[in-house]
>>> print(open('my_file-v8.tsv').read())   # TSV, C-alpha atoms and all ligand atoms
chain	number	residue	atom	x	y	z
A	77	MET	CA	106.34	142.08	81.32
A	78	SER	CA	105.11	139.09	79.34
A	79	GLN	CA	103.65	136.09	81.12
A	80	ALA	CA	105.94	133.03	81.28
A	81	THR	CA	104.58	129.96	79.56
A	82	PRO	CA	104.37	127.07	81.99
A	83	TYR	CA	104.93	124.55	79.21
A	84	ASN	CA	108.23	123.19	77.94
A	85	ALA	CA	107.28	119.97	76.13
A	86	THR	CA	104.93	118.56	73.50
A	87	LEU	CA	102.79	115.44	73.27
A	88	ILE	CA	104.17	113.75	70.16
A	89	GLU	CA	102.10	110.57	70.19
A	90	ARG	CA	99.38	108.80	72.16
A	91	GLU	CA	98.22	105.23	71.85
A	92	ASP	CA	94.85	104.56	73.44
A	93	ILE	CA	94.62	101.00	74.70
A	94	HIS	CA	91.06	101.60	75.84
A	95	ASP	CA	89.09	104.67	76.80
A	96	ALA	CA	90.82	104.93	80.19
A	97	LEU	CA	94.32	103.55	79.50
A	98	ALA	CA	96.95	105.01	77.19
A	99	ILE	CA	100.62	105.35	76.34
A	100	PHE	CA	101.73	109.00	76.00
A	101	LYS	CA	105.00	110.12	74.41
A	102	PHE	CA	106.41	113.57	75.18
A	103	GLN	CA	109.40	115.50	73.91
A	104	LEU	CA	111.12	118.51	75.46
A	105	ASP	CA	110.83	121.54	73.15
A	106	SER	CA	114.48	122.44	73.84
A	107	GLY	CA	115.56	119.19	72.21
A	108	GLN	CA	117.39	118.26	75.44
A	109	GLU	CA	117.90	114.52	75.77
A	110	LEU	CA	117.11	113.11	79.20
A	111	ASP	CA	119.30	110.54	80.92
A	112	PHE	CA	117.55	108.22	83.30
A	113	LYS	CA	117.71	104.73	84.75
A	114	PRO	CA	114.88	102.26	84.19
A	115	GLY	CA	112.49	102.56	87.14
A	116	GLN	CA	112.87	106.32	87.61
A	117	TYR	CA	110.09	108.86	87.17
A	118	THR	CA	109.47	112.45	86.33
A	119	THR	CA	106.62	114.94	86.71
A	120	LEU	CA	104.08	116.10	84.15
A	121	GLY	CA	102.08	119.28	84.61
A	122	LEU	CA	99.02	120.95	83.10
A	123	VAL	CA	97.41	124.27	83.91
A	124	ASP	CA	94.85	124.00	86.67
A	125	PRO	CA	91.63	125.33	85.12
A	126	ASP	CA	90.19	125.99	88.58
A	127	ALA	CA	93.10	128.12	89.81
A	128	PRO	CA	92.65	131.89	89.93
A	129	PRO	CA	94.47	133.60	87.02
A	130	PRO	CA	97.79	135.37	87.75
A	131	ASN	CA	97.31	138.81	89.31
A	132	PRO	CA	97.92	141.32	86.47
A	133	ASN	CA	99.03	143.93	89.05
A	134	SER	CA	101.73	141.68	90.51
A	135	PRO	CA	104.86	141.27	88.34
A	136	ALA	CA	105.93	138.27	90.42
A	137	SER	CA	102.56	136.57	89.93
A	138	ARG	CA	102.57	137.38	86.19
A	139	LYS	CA	106.10	136.06	85.81
A	140	LYS	CA	105.22	132.84	87.63
A	141	GLY	CA	102.35	132.20	85.21
A	142	PRO	CA	99.30	130.02	85.74
A	143	ARG	CA	99.28	127.34	88.43
A	144	LEU	CA	100.01	123.79	87.30
A	145	ILE	CA	98.62	120.51	88.53
A	146	ARG	CA	101.62	118.17	88.65
A	147	ARG	CA	101.75	114.42	88.94
A	148	ALA	CA	104.59	111.89	88.99
A	149	TYR	CA	104.87	109.20	86.30
A	150	SER	CA	107.23	106.25	85.94
A	151	ILE	CA	109.12	106.31	82.68
A	152	ALA	CA	108.08	103.36	80.54
A	153	SER	CA	110.50	103.96	77.67
A	154	LEU	CA	114.13	102.86	77.41
A	155	PRO	CA	117.11	105.10	78.21
A	156	LYS	CA	118.44	104.56	74.69
A	157	SER	CA	115.33	106.28	73.22
A	158	LYS	CA	116.66	109.65	74.27
A	159	SER	CA	114.52	111.89	72.06
A	160	HIS	CA	111.30	111.37	74.04
A	161	LEU	CA	109.85	109.86	77.21
A	162	GLU	CA	106.97	107.39	77.22
A	163	PHE	CA	104.44	106.94	80.03
A	164	TYR	CA	101.73	104.33	80.64
A	165	ILE	CA	98.80	106.02	82.36
A	166	VAL	CA	95.31	105.09	83.57
A	167	ARG	CA	92.57	107.70	83.66
A	168	ILE	CA	91.21	107.96	87.18
A	169	ASN	CA	87.48	108.52	87.45
A	170	GLU	CA	87.18	112.05	88.90
A	171	GLY	CA	90.99	112.37	88.74
A	172	LYS	CA	92.03	116.00	88.51
A	173	PHE	CA	95.15	115.58	86.37
A	174	THR	CA	94.29	112.59	84.20
A	175	ARG	CA	90.95	114.20	83.24
A	176	LEU	CA	92.98	117.06	81.68
A	177	LEU	CA	95.60	114.74	80.21
A	178	TRP	CA	92.92	112.79	78.35
A	179	GLN	CA	91.90	115.95	76.48
A	180	LEU	CA	95.34	116.28	74.87
A	181	LYS	CA	96.08	115.43	71.26
A	182	PRO	CA	99.44	115.16	69.51
A	183	GLY	CA	101.02	118.61	69.13
A	184	ASP	CA	99.57	119.93	72.42
A	185	PRO	CA	101.92	121.50	74.99
A	186	VAL	CA	102.62	120.19	78.52
A	187	PHE	CA	105.09	120.70	81.33
A	188	MET	CA	107.57	117.84	81.71
A	189	ASP	CA	110.21	118.16	84.41
A	190	HIS	CA	113.68	117.57	83.05
A	191	LYS	CA	114.77	116.56	86.56
A	192	ILE	CA	114.51	112.78	86.71
A	193	LYS	CA	113.91	111.30	90.13
A	194	GLY	CA	113.62	108.08	92.05
A	195	THR	CA	115.61	105.22	93.51
A	196	PHE	CA	113.34	102.40	92.31
A	197	THR	CA	116.00	100.96	90.02
A	198	LEU	CA	118.08	97.81	89.80
A	199	ASP	CA	121.07	99.68	91.29
A	200	GLY	CA	122.63	97.68	94.07
A	201	ILE	CA	121.03	94.40	93.03
A	202	PRO	CA	123.84	92.01	92.08
A	203	ASP	CA	123.73	90.38	88.65
A	204	GLY	CA	122.39	86.85	88.40
A	205	LYS	CA	119.66	87.06	91.06
A	206	ASP	CA	116.05	86.00	90.58
A	207	LEU	CA	114.01	89.19	90.18
A	208	VAL	CA	110.33	89.10	91.08
A	209	MET	CA	108.54	92.17	89.72
A	210	VAL	CA	105.00	92.74	90.98
A	211	GLY	CA	102.82	95.46	89.47
A	212	THR	CA	99.18	96.41	89.95
A	213	GLY	CA	97.52	98.26	87.06
A	214	THR	CA	99.93	100.78	85.52
A	215	GLY	CA	102.54	99.68	88.08
A	216	VAL	CA	103.93	97.52	85.29
A	217	ALA	CA	105.37	100.67	83.61
A	218	PRO	CA	108.83	100.73	85.23
A	219	PHE	CA	109.16	96.96	84.76
A	220	TRP	CA	108.53	97.34	81.03
A	221	SER	CA	111.49	99.74	80.88
A	222	MET	CA	113.73	97.53	83.07
A	223	LEU	CA	112.90	94.33	81.23
A	224	ASN	CA	113.55	95.77	77.79
A	225	THR	CA	116.69	97.62	78.83
A	226	TYR	CA	118.45	94.71	80.54
A	227	ARG	CA	117.20	91.78	78.46
A	228	ASN	CA	120.01	89.54	77.22
A	229	THR	CA	122.62	91.21	79.43
A	230	GLY	CA	122.83	88.59	82.20
A	231	ARG	CA	121.31	91.07	84.66
A	232	TRP	CA	119.12	88.34	86.20
A	233	ARG	CA	118.96	84.56	86.41
A	234	LYS	CA	115.18	84.53	86.15
A	235	LEU	CA	112.84	87.49	85.90
A	236	ILE	CA	109.27	86.78	86.96
A	237	LEU	CA	106.76	89.53	86.20
A	238	LEU	CA	103.39	89.46	87.98
A	239	ASP	CA	101.00	91.84	86.22
A	240	GLY	CA	97.79	92.25	88.26
A	241	CYS	CA	94.85	94.00	86.60
A	242	ARG	CA	91.09	94.21	86.92
A	243	TYR	CA	90.29	93.18	83.35
A	244	ILE	CA	92.04	91.55	80.38
A	245	LYS	CA	91.79	94.87	78.50
A	246	ASP	CA	93.90	96.51	81.23
A	247	LEU	CA	96.91	94.28	80.45
A	248	GLY	CA	98.30	96.88	78.07
A	249	TYR	CA	101.62	95.13	77.35
A	250	TYR	CA	100.12	91.62	77.30
A	251	ASP	CA	100.91	90.75	73.66
A	252	GLN	CA	104.47	92.04	73.79
A	253	LEU	CA	105.23	90.49	77.19
A	254	THR	CA	103.79	87.14	76.18
A	255	ARG	CA	105.93	87.15	73.05
A	256	ILE	CA	109.09	88.16	74.95
A	257	ALA	CA	108.53	85.44	77.58
A	258	ASP	CA	107.97	82.87	74.81
A	259	GLU	CA	111.30	83.82	73.23
A	260	ASP	CA	113.37	84.26	76.40
A	261	ASP	CA	113.73	81.37	78.85
A	262	SER	CA	114.92	83.73	81.58
A	263	ILE	CA	111.59	85.62	81.65
A	264	ILE	CA	108.31	84.34	83.08
A	265	TYR	CA	105.23	86.52	82.56
A	266	LEU	CA	102.27	85.93	84.89
A	267	PRO	CA	99.29	88.17	84.18
A	268	THR	CA	96.36	87.84	86.57
A	269	VAL	CA	92.90	89.42	86.42
A	270	THR	CA	90.52	90.09	89.30
A	271	ARG	CA	87.19	91.23	87.86
A	272	GLU	CA	86.56	89.25	84.70
A	273	PRO	CA	83.32	87.24	84.78
A	274	ASP	CA	83.74	83.47	85.02
A	275	ASP	CA	82.74	83.00	81.38
A	276	ALA	CA	85.30	85.51	80.04
A	277	PRO	CA	87.65	84.19	77.34
A	278	TRP	CA	90.62	83.95	79.74
A	279	GLN	CA	92.58	80.80	80.49
A	280	GLY	CA	95.15	82.57	82.69
A	281	LEU	CA	95.44	83.33	86.38
A	282	ARG	CA	92.75	85.06	88.42
A	283	GLY	CA	92.85	86.86	91.74
A	284	ARG	CA	95.11	89.41	93.36
A	285	VAL	CA	98.87	89.01	93.13
A	286	HIS	CA	99.20	87.85	96.74
A	287	GLY	CA	97.86	84.41	95.87
A	288	ILE	CA	100.69	83.96	93.36
A	289	LEU	CA	103.24	85.13	95.94
A	290	GLU	CA	102.31	82.26	98.26
A	291	PRO	CA	105.58	80.25	98.30
A	292	GLU	CA	104.11	76.90	97.19
A	293	GLN	CA	101.95	78.43	94.49
A	294	PHE	CA	104.87	80.58	93.31
A	295	ALA	CA	107.23	77.59	93.04
A	296	LYS	CA	104.57	75.58	91.23
A	297	LEU	CA	103.95	78.31	88.67
A	298	THR	CA	107.55	79.40	88.09
A	299	GLY	CA	109.90	76.62	89.18
A	300	VAL	CA	111.61	79.26	91.34
A	301	ASN	CA	111.71	79.24	95.14
A	302	LEU	CA	110.90	82.50	96.91
A	303	ASP	CA	114.26	82.38	98.65
A	304	PRO	CA	115.54	85.61	100.26
A	305	ASP	CA	119.13	84.61	99.47
A	306	ARG	CA	118.43	84.40	95.75
A	307	CYS	CA	115.50	86.71	95.04
A	308	HIS	CA	114.95	90.44	94.98
A	309	ILE	CA	111.32	91.57	94.97
A	310	LEU	CA	110.21	94.79	93.27
A	311	LEU	CA	106.68	96.05	94.06
A	312	CYS	CA	104.97	98.88	92.19
A	313	GLY	CA	101.51	100.43	92.18
A	314	SER	CA	98.87	100.16	94.89
A	315	PRO	CA	100.24	101.05	98.36
A	316	GLN	CA	97.89	98.55	99.94
A	317	MET	CA	99.33	95.82	97.72
A	318	ILE	CA	102.85	96.92	98.70
A	319	ASP	CA	102.06	96.91	102.42
A	320	GLN	CA	100.42	93.51	102.30
A	321	ALA	CA	103.11	91.94	100.12
A	322	THR	CA	105.86	93.39	102.31
A	323	GLU	CA	104.22	91.94	105.40
A	324	ASN	CA	103.78	88.50	103.81
A	325	LEU	CA	107.30	88.43	102.37
A	326	GLY	CA	108.75	89.56	105.70
A	327	LYS	CA	107.50	86.30	107.17
A	328	LEU	CA	109.66	84.48	104.59
A	329	GLY	CA	112.78	86.43	105.60
A	330	PHE	CA	112.68	89.23	103.02
A	331	ILE	CA	113.71	92.69	104.25
A	332	THR	CA	112.63	96.05	102.87
A	333	ARG	CA	115.54	98.06	101.49
A	334	ASP	CA	115.88	101.35	103.36
A	335	ARG	CA	118.53	103.48	104.99
A	336	ASP	CA	118.93	101.01	107.85
A	337	HIS	CA	118.89	98.01	105.49
A	338	PRO	CA	120.79	99.00	102.35
A	339	ASP	CA	121.10	95.33	101.40
A	340	GLY	CA	117.35	94.69	101.77
A	341	ASN	CA	115.71	92.66	99.04
A	342	ILE	CA	112.26	94.26	98.84
A	343	HIS	CA	112.14	97.41	96.69
A	344	PHE	CA	108.98	99.40	96.09
A	345	GLU	CA	107.36	102.38	94.38
A	346	ARG	CA	104.03	103.59	95.78
A	347	TYR	CA	101.80	105.33	93.26
A	348	TRP	CA	99.67	107.07	95.88
B	401	LIG	C1	106.56	107.84	91.75
B	401	LIG	C2	105.19	107.74	91.10
B	401	LIG	C3	105.07	107.19	89.83
B	401	LIG	C4	103.80	107.08	89.23
B	401	LIG	N1	103.71	106.50	88.00
B	401	LIG	C5	102.50	106.35	87.43
B	401	LIG	C6	102.39	105.71	86.15
B	401	LIG	O1	103.39	105.34	85.52
B	401	LIG	N2	101.14	105.57	85.61
B	401	LIG	C7	100.02	106.01	86.28
B	401	LIG	O2	98.90	105.82	85.73
B	401	LIG	N3	100.10	106.60	87.48
B	401	LIG	C8	101.31	106.80	88.07
B	401	LIG	N4	101.40	107.45	89.28
B	401	LIG	C9	100.17	108.07	89.85
B	401	LIG	C10	100.04	109.52	89.31
B	401	LIG	O3	101.03	110.34	89.86
B	401	LIG	C11	98.68	110.17	89.65
B	401	LIG	O4	98.45	110.03	91.02
B	401	LIG	C12	97.53	109.56	88.89
B	401	LIG	O5	97.69	109.71	87.48
B	401	LIG	C13	96.18	110.17	89.32
B	401	LIG	O6	96.17	111.55	89.11
B	401	LIG	P1	94.77	112.33	89.09
B	401	LIG	O7	95.06	113.77	89.42
B	401	LIG	O8	94.02	112.08	87.83
B	401	LIG	O9	93.93	111.68	90.24
B	401	LIG	P2	93.85	112.13	91.75
B	401	LIG	O10	92.79	113.13	91.93
B	401	LIG	O11	95.23	112.48	92.19
B	401	LIG	O12	93.32	110.75	92.39
B	401	LIG	C14	94.21	109.96	93.05
B	401	LIG	C15	93.55	108.67	93.46
B	401	LIG	O13	93.46	107.80	92.35
B	401	LIG	C16	94.00	106.51	92.66
B	401	LIG	N5	95.18	106.31	91.77
B	401	LIG	C17	96.19	107.19	91.49
B	401	LIG	N6	97.06	106.66	90.59
B	401	LIG	C18	96.59	105.44	90.29
B	401	LIG	C19	97.05	104.42	89.41
B	401	LIG	N7	98.15	104.57	88.66
B	401	LIG	N8	96.34	103.28	89.33
B	401	LIG	C20	95.22	103.11	90.09
B	401	LIG	N9	94.72	104.03	90.93
B	401	LIG	C21	95.40	105.19	91.04
B	401	LIG	C22	94.35	106.56	94.14
B	401	LIG	O14	93.25	106.06	94.88
B	401	LIG	C23	94.52	108.00	94.45
B	401	LIG	O15	94.17	108.38	95.74
B	401	LIG	C24	102.65	107.54	89.91
B	401	LIG	C25	102.79	108.11	91.18
B	401	LIG	C26	104.03	108.20	91.77
B	401	LIG	C27	104.13	108.80	93.16
B	402	LIG	N1	90.22	99.33	84.82
B	402	LIG	C1	89.29	99.91	84.06
B	402	LIG	O1	88.67	99.34	83.16
B	402	LIG	C2	88.96	101.36	84.29
B	402	LIG	C3	88.06	101.99	83.44
B	402	LIG	C4	87.77	103.32	83.67
B	402	LIG	C5	88.38	103.99	84.70
B	402	LIG	N2	89.24	103.35	85.52
B	402	LIG	C6	89.85	104.10	86.61
B	402	LIG	O2	91.13	103.64	86.88
B	402	LIG	C7	91.32	103.58	88.29
B	402	LIG	C8	92.41	102.60	88.56
B	402	LIG	O3	92.05	101.36	88.10
B	402	LIG	P1	93.11	100.22	87.81
B	402	LIG	O4	92.32	99.00	87.53
B	402	LIG	O5	94.08	100.67	86.82
B	402	LIG	O6	93.97	100.11	89.18
B	402	LIG	P2	93.65	99.39	90.57
B	402	LIG	O7	92.34	99.79	91.11
B	402	LIG	O8	94.86	99.67	91.40
B	402	LIG	O9	93.58	97.82	90.23
B	402	LIG	C9	94.62	97.12	89.57
B	402	LIG	C10	94.72	95.72	90.13
B	402	LIG	O10	95.25	95.80	91.45
B	402	LIG	C11	94.46	95.01	92.30
B	402	LIG	N3	94.54	95.48	93.67
B	402	LIG	C12	93.92	96.53	94.21
B	402	LIG	N4	94.22	96.62	95.52
B	402	LIG	C13	95.06	95.59	95.79
B	402	LIG	C14	95.71	95.13	96.98
B	402	LIG	N5	95.56	95.75	98.12
B	402	LIG	N6	96.48	94.04	96.87
B	402	LIG	C15	96.63	93.38	95.71
B	402	LIG	N7	96.04	93.75	94.57
B	402	LIG	C16	95.26	94.85	94.61
B	402	LIG	C17	93.06	95.12	91.73
B	402	LIG	O11	92.29	94.05	92.23
B	402	LIG	P3	90.72	94.25	92.59
B	402	LIG	O12	89.97	94.17	91.30
B	402	LIG	O13	90.46	93.09	93.51
B	402	LIG	O14	90.57	95.57	93.27
B	402	LIG	C18	93.37	95.01	90.25
B	402	LIG	O15	93.53	93.68	89.87
B	402	LIG	C19	89.97	103.26	88.84
B	402	LIG	O16	89.83	103.72	90.15
B	402	LIG	C20	89.07	104.04	87.90
B	402	LIG	O17	88.97	105.37	88.40
B	402	LIG	C21	89.57	102.04	85.33
>>> encode(input="my_file-v8.tsv", output="structure tokens")
Amino acid sequence: MSQATPYNATLIEREDIHDALAIFKFQLDSGQELDFKPGQYTTLGLVDPDAPPPNPNSPASRKKGPRLIRRAYSIASLPKSKSHLEFYIVRINEGKFTRLLWQLKPGDPVFMDHKIKGTFTLDGIPDGKDLVMVGTGTGVAPFWSMLNTYRNTGRWRKLILLDGCRYIKDLGYYDQLTRIADEDDSIIYLPTVTREPDDAPWQGLRGRVHGILEPEQFAKLTGVNLDPDRCHILLCGSPQMIDQATENLGKLGFITRDRDHPDGNIHFERYW
């Protein structure tokens, strides 16, 4: 019995933003086109080099093939680009999966789950609201997909995107987002950096996103009031950021959307 290949997809392109941040594009080998909603995610997998090889004396083990390390990734591309999926990924120091991912070059095989998952979408948010999207690091990925998919459709009154990163070089979509916000009055882009030295060539905001989410500061920067009747907040990335923002926003009357609060106006995706 031949051993099943664990791979079903191919890396077709990678764009390295810096040595630890990149955009990866994958295509299913079957040619299947994947339907998804902006904000959803899927799973990538690579063979675990530390796993014991399949037992040659066990047909079940041989059929199963080598063990994969799997990780979830938000889809950064647009649903209309059906031929491939794009992901925006940071390489974690000592990270088990991203260490392997960084070794890949175009043409290399991977596992990409064709089952798309997740409820972190704009479903259930009425048109014409103010949307406040808050990402830390690569947490901007689903917002990139949402923003580009729904631009110019009347989906929001104002969209404010807070993009919190350590360094300027980590703002991977900075040029494109700045240009889009310049062209589109309904979009406000607020990048903020936390670790740049004082003399860095940066005129923008500094500090963690919470400072910007202070109601007075937020209104001053955006002209929009953080009003629970008008705003929906979407948080993505660091779980500590999500917990702290949820607590602070709760004091303003925002409610986390969950089974008991289907009309809640805080939506989140934790990356770990
Ligand atoms: C629904 C979902 C969507 C995700 N989407 C993305 C995405 O679009 N891009 C992406 O880069 N990651 C994303 N992640 C995280 C991703 O699944 C992996 O956890 C990450 O790539 C690290 O894998 P690793 O094996 O290299 O590191 P691990 O050995 O798993 O190390 C994990 C540790 O690294 C830190 N960490 C993990 N992910 C991040 C991150 N993105 N930014 C900063 N620190 C992190 C945490 O401290 C965590 O404990 C997502 C996670 C979930 C659950
Ligand atoms: N960024 C790089 O240049 C770089 C280079 C090589 C490797 N890496 C690897 O990448 C990993 C992830 O780095 P990352 O910079 O993408 O993600 P990150 O550590 O999640 O940081 C992204 C942004 O989120 C902020 N943040 C962290 N915790 C927060 C909280 N509780 N509330 C609000 N904001 C919070 C950070 O601020 P603070 O700065 O205040 O924490 C930073 O501005 C690192 O652990 C490292 O292994 C990164």
>>> residues_near_point(input="my_file-v8.tsv", point="(107.0, 84.1, 85.7)", cutoff="9 Å", atoms="all atoms listed in the file", output="PyMOL selection string")
chain A and resi 208+234-238+257+262-267+294+297-300
>>> residues_near_ligand(input="my_file-v8.tsv", ligand="ligand LIG 402 (chain B)", cutoff="9 Å", atoms="only C-alpha atoms and all ligand atoms", output="PyMOL selection string")
chain A and resi 94-97+165-171+211-215+239-246+268-272+282-286+313-321
>>> residues_near_ligand(input="my_file-v8.tsv", ligand="ligand LIG 401 (chain B)", cutoff="9 Å", atoms="all atoms listed in the file", output="PDB file with C-alpha atoms, in the frame of the given file")
ATOM      1  CA  LEU A  97      94.320 103.550  79.500  1.00  0.00           C
ATOM      2  CA  ALA A  98      96.950 105.010  77.190  1.00  0.00           C
ATOM      3  CA  GLN A 116     112.870 106.320  87.610  1.00  0.00           C
ATOM      4  CA  TYR A 117     110.090 108.860  87.170  1.00  0.00           C
ATOM      5  CA  THR A 118     109.470 112.450  86.330  1.00  0.00           C
ATOM      6  CA  THR A 119     106.620 114.940  86.710  1.00  0.00           C
ATOM      7  CA  LEU A 120     104.080 116.100  84.150  1.00  0.00           C
ATOM      8  CA  ILE A 145      98.620 120.510  88.530  1.00  0.00           C
ATOM      9  CA  ARG A 146     101.620 118.170  88.650  1.00  0.00           C
ATOM     10  CA  ARG A 147     101.750 114.420  88.940  1.00  0.00           C
ATOM     11  CA  ALA A 148     104.590 111.890  88.990  1.00  0.00           C
ATOM     12  CA  TYR A 149     104.870 109.200  86.300  1.00  0.00           C
ATOM     13  CA  SER A 150     107.230 106.250  85.940  1.00  0.00           C
ATOM     14  CA  ILE A 151     109.120 106.310  82.680  1.00  0.00           C
ATOM     15  CA  ALA A 152     108.080 103.360  80.540  1.00  0.00           C
ATOM     16  CA  PHE A 163     104.440 106.940  80.030  1.00  0.00           C
ATOM     17  CA  TYR A 164     101.730 104.330  80.640  1.00  0.00           C
ATOM     18  CA  ILE A 165      98.800 106.020  82.360  1.00  0.00           C
ATOM     19  CA  VAL A 166      95.310 105.090  83.570  1.00  0.00           C
ATOM     20  CA  ARG A 167      92.570 107.700  83.660  1.00  0.00           C
ATOM     21  CA  ILE A 168      91.210 107.960  87.180  1.00  0.00           C
ATOM     22  CA  ASN A 169      87.480 108.520  87.450  1.00  0.00           C
ATOM     23  CA  GLU A 170      87.180 112.050  88.900  1.00  0.00           C
ATOM     24  CA  GLY A 171      90.990 112.370  88.740  1.00  0.00           C
ATOM     25  CA  LYS A 172      92.030 116.000  88.510  1.00  0.00           C
ATOM     26  CA  PHE A 173      95.150 115.580  86.370  1.00  0.00           C
ATOM     27  CA  THR A 174      94.290 112.590  84.200  1.00  0.00           C
ATOM     28  CA  ARG A 175      90.950 114.200  83.240  1.00  0.00           C
ATOM     29  CA  LEU A 176      92.980 117.060  81.680  1.00  0.00           C
ATOM     30  CA  LEU A 177      95.600 114.740  80.210  1.00  0.00           C
ATOM     31  CA  LYS A 193     113.910 111.300  90.130  1.00  0.00           C
ATOM     32  CA  GLY A 194     113.620 108.080  92.050  1.00  0.00           C
ATOM     33  CA  PHE A 196     113.340 102.400  92.310  1.00  0.00           C
ATOM     34  CA  THR A 212      99.180  96.410  89.950  1.00  0.00           C
ATOM     35  CA  GLY A 213      97.520  98.260  87.060  1.00  0.00           C
ATOM     36  CA  THR A 214      99.930 100.780  85.520  1.00  0.00           C
ATOM     37  CA  GLY A 215     102.540  99.680  88.080  1.00  0.00           C
ATOM     38  CA  VAL A 216     103.930  97.520  85.290  1.00  0.00           C
ATOM     39  CA  ALA A 217     105.370 100.670  83.610  1.00  0.00           C
ATOM     40  CA  PRO A 218     108.830 100.730  85.230  1.00  0.00           C
ATOM     41  CA  CYS A 312     104.970  98.880  92.190  1.00  0.00           C
ATOM     42  CA  GLY A 313     101.510 100.430  92.180  1.00  0.00           C
ATOM     43  CA  SER A 314      98.870 100.160  94.890  1.00  0.00           C
ATOM     44  CA  GLU A 345     107.360 102.380  94.380  1.00  0.00           C
ATOM     45  CA  ARG A 346     104.030 103.590  95.780  1.00  0.00           C
ATOM     46  CA  TYR A 347     101.800 105.330  93.260  1.00  0.00           C
ATOM     47  CA  TRP A 348      99.670 107.070  95.880  1.00  0.00           C
TER      48      TRP A 348
END
>>> residues_around(input="my_file-v8.tsv", residues="Lys156 (chain A)", least_positions_apart="5", cutoff="10 Å", atoms="all atoms listed in the file", output="list in words")
Leu110, Asp111, Phe112 and Thr225 of chain A
>>> axis_aligned_box(input="my_file-v8.tsv", around="region 264-283 of chain A", padding_each_side="5 Å", output="lines of an AutoDock Vina configuration file")
center_x = 95.5
center_y = 86.0
center_z = 84.5
size_x = 35.6
size_y = 20.4
size_z = 24.4
>>> atom_distance(input="my_file-v8.tsv", atom1="CA of Arg227 (chain A)", atom2="CA of Ala295 (chain A)")
22.7 Å
>>> residues_near_point(input="my_file-v8.tsv", point="(122.4, 89.1, 85.8)", cutoff="6 Å", atoms="all atoms listed in the file", output="PyMOL selection string")
chain A and resi 203-204+230-233
>>> closest_residue(input="my_file-v8.tsv", among="A:Asn324, A:Ser153, A:Thr254, A:Asn301", to="Ile342 (chain A)", atoms="only C-alpha atoms")
A:Asn324
>>> closest_residue(input="my_file-v8.tsv", among="A:Thr322, A:Thr81, A:Ser221, A:Thr332", to="Pro142 (chain A)", atoms="only C-alpha atoms")
A:Thr81
>>> closest_residue(input="my_file-v8.tsv", among="A:Ser134, A:Gln103, A:Gln279, A:Gln108", to="Pro185 (chain A)", atoms="all atoms listed in the file")
A:Gln103
>>> atom_distance(input="my_file-v8.tsv", atom1="CA of Ala80 (chain A)", atom2="CA of Gly107 (chain A)")
19.1 Å
>>> closest_residue(input="my_file-v8.tsv", among="A:Leu180, A:Met188, A:Met222, A:Leu104", to="Pro155 (chain A)", atoms="all atoms listed in the file")
A:Met222
>>> closest_residue(input="my_file-v8.tsv", among="A:Lys327, A:His337, A:Lys101, A:His308", to="Met209 (chain A)", atoms="all atoms listed in the file")
A:His308
>>> closest_residue(input="my_file-v8.tsv", among="A:Pro135, A:Gln179, A:Val123, A:Lys113", to="Ile192 (chain A)", atoms="only C-alpha atoms")
A:Lys113
>>> atom_distance(input="my_file-v8.tsv", atom1="CA of Leu122 (chain A)", atom2="CA of Trp178 (chain A)")
11.2 Å
>>> closest_atom_pairs(input="my_file-v8.tsv", of="region 154-214 of chain A", to="region 84-88 of chain A", cutoff="6 Å", atoms="all atoms listed in the file", output="Markdown table")
| residue | atom | partner | partner_atom | distance |
| --- | --- | --- | --- | --- |
| A:Pro182 | CA | A:Ile88 | CA | 5.0 |
| A:Gly183 | CA | A:Leu87 | CA | 5.5 |
| A:Asp184 | CA | A:Leu87 | CA | 5.6 |
| A:Pro185 | CA | A:Thr86 | CA | 4.5 |
| A:Val186 | CA | A:Ala85 | CA | 5.2 |
| A:Phe187 | CA | A:Asn84 | CA | 5.2 |
| A:Met188 | CA | A:Ala85 | CA | 6.0 |
>>> build_atoms(input="my_file-v8.tsv", residues="region 160-167 of chain A", atoms="N, CA and C atoms", output="tab-separated table (two decimals), in the coordinates of the input")
chain	number	residue	atom	x	y	z
A	160	HIS	N	112.61	111.16	73.41
A	160	HIS	CA	111.30	111.37	74.04
A	160	HIS	C	111.16	110.46	75.25
A	161	LEU	N	110.19	110.76	76.11
A	161	LEU	CA	109.85	109.86	77.21
A	161	LEU	C	108.45	109.32	76.99
A	162	GLU	N	108.27	108.06	77.41
A	162	GLU	CA	106.97	107.39	77.22
A	162	GLU	C	106.40	107.05	78.59
A	163	PHE	N	105.09	107.22	78.75
A	163	PHE	CA	104.44	106.94	80.03
A	163	PHE	C	103.17	106.10	79.78
A	164	TYR	N	102.88	105.23	80.74
A	164	TYR	CA	101.73	104.33	80.64
A	164	TYR	C	100.77	104.75	81.75
A	165	ILE	N	99.62	105.31	81.37
A	165	ILE	CA	98.80	106.02	82.36
A	165	ILE	C	97.34	105.58	82.30
A	166	VAL	N	96.74	105.42	83.49
A	166	VAL	CA	95.31	105.09	83.57
A	166	VAL	C	94.56	106.37	83.94
A	167	ARG	N	93.39	106.53	83.33
A	167	ARG	CA	92.57	107.70	83.66
A	167	ARG	C	91.73	107.38	84.89
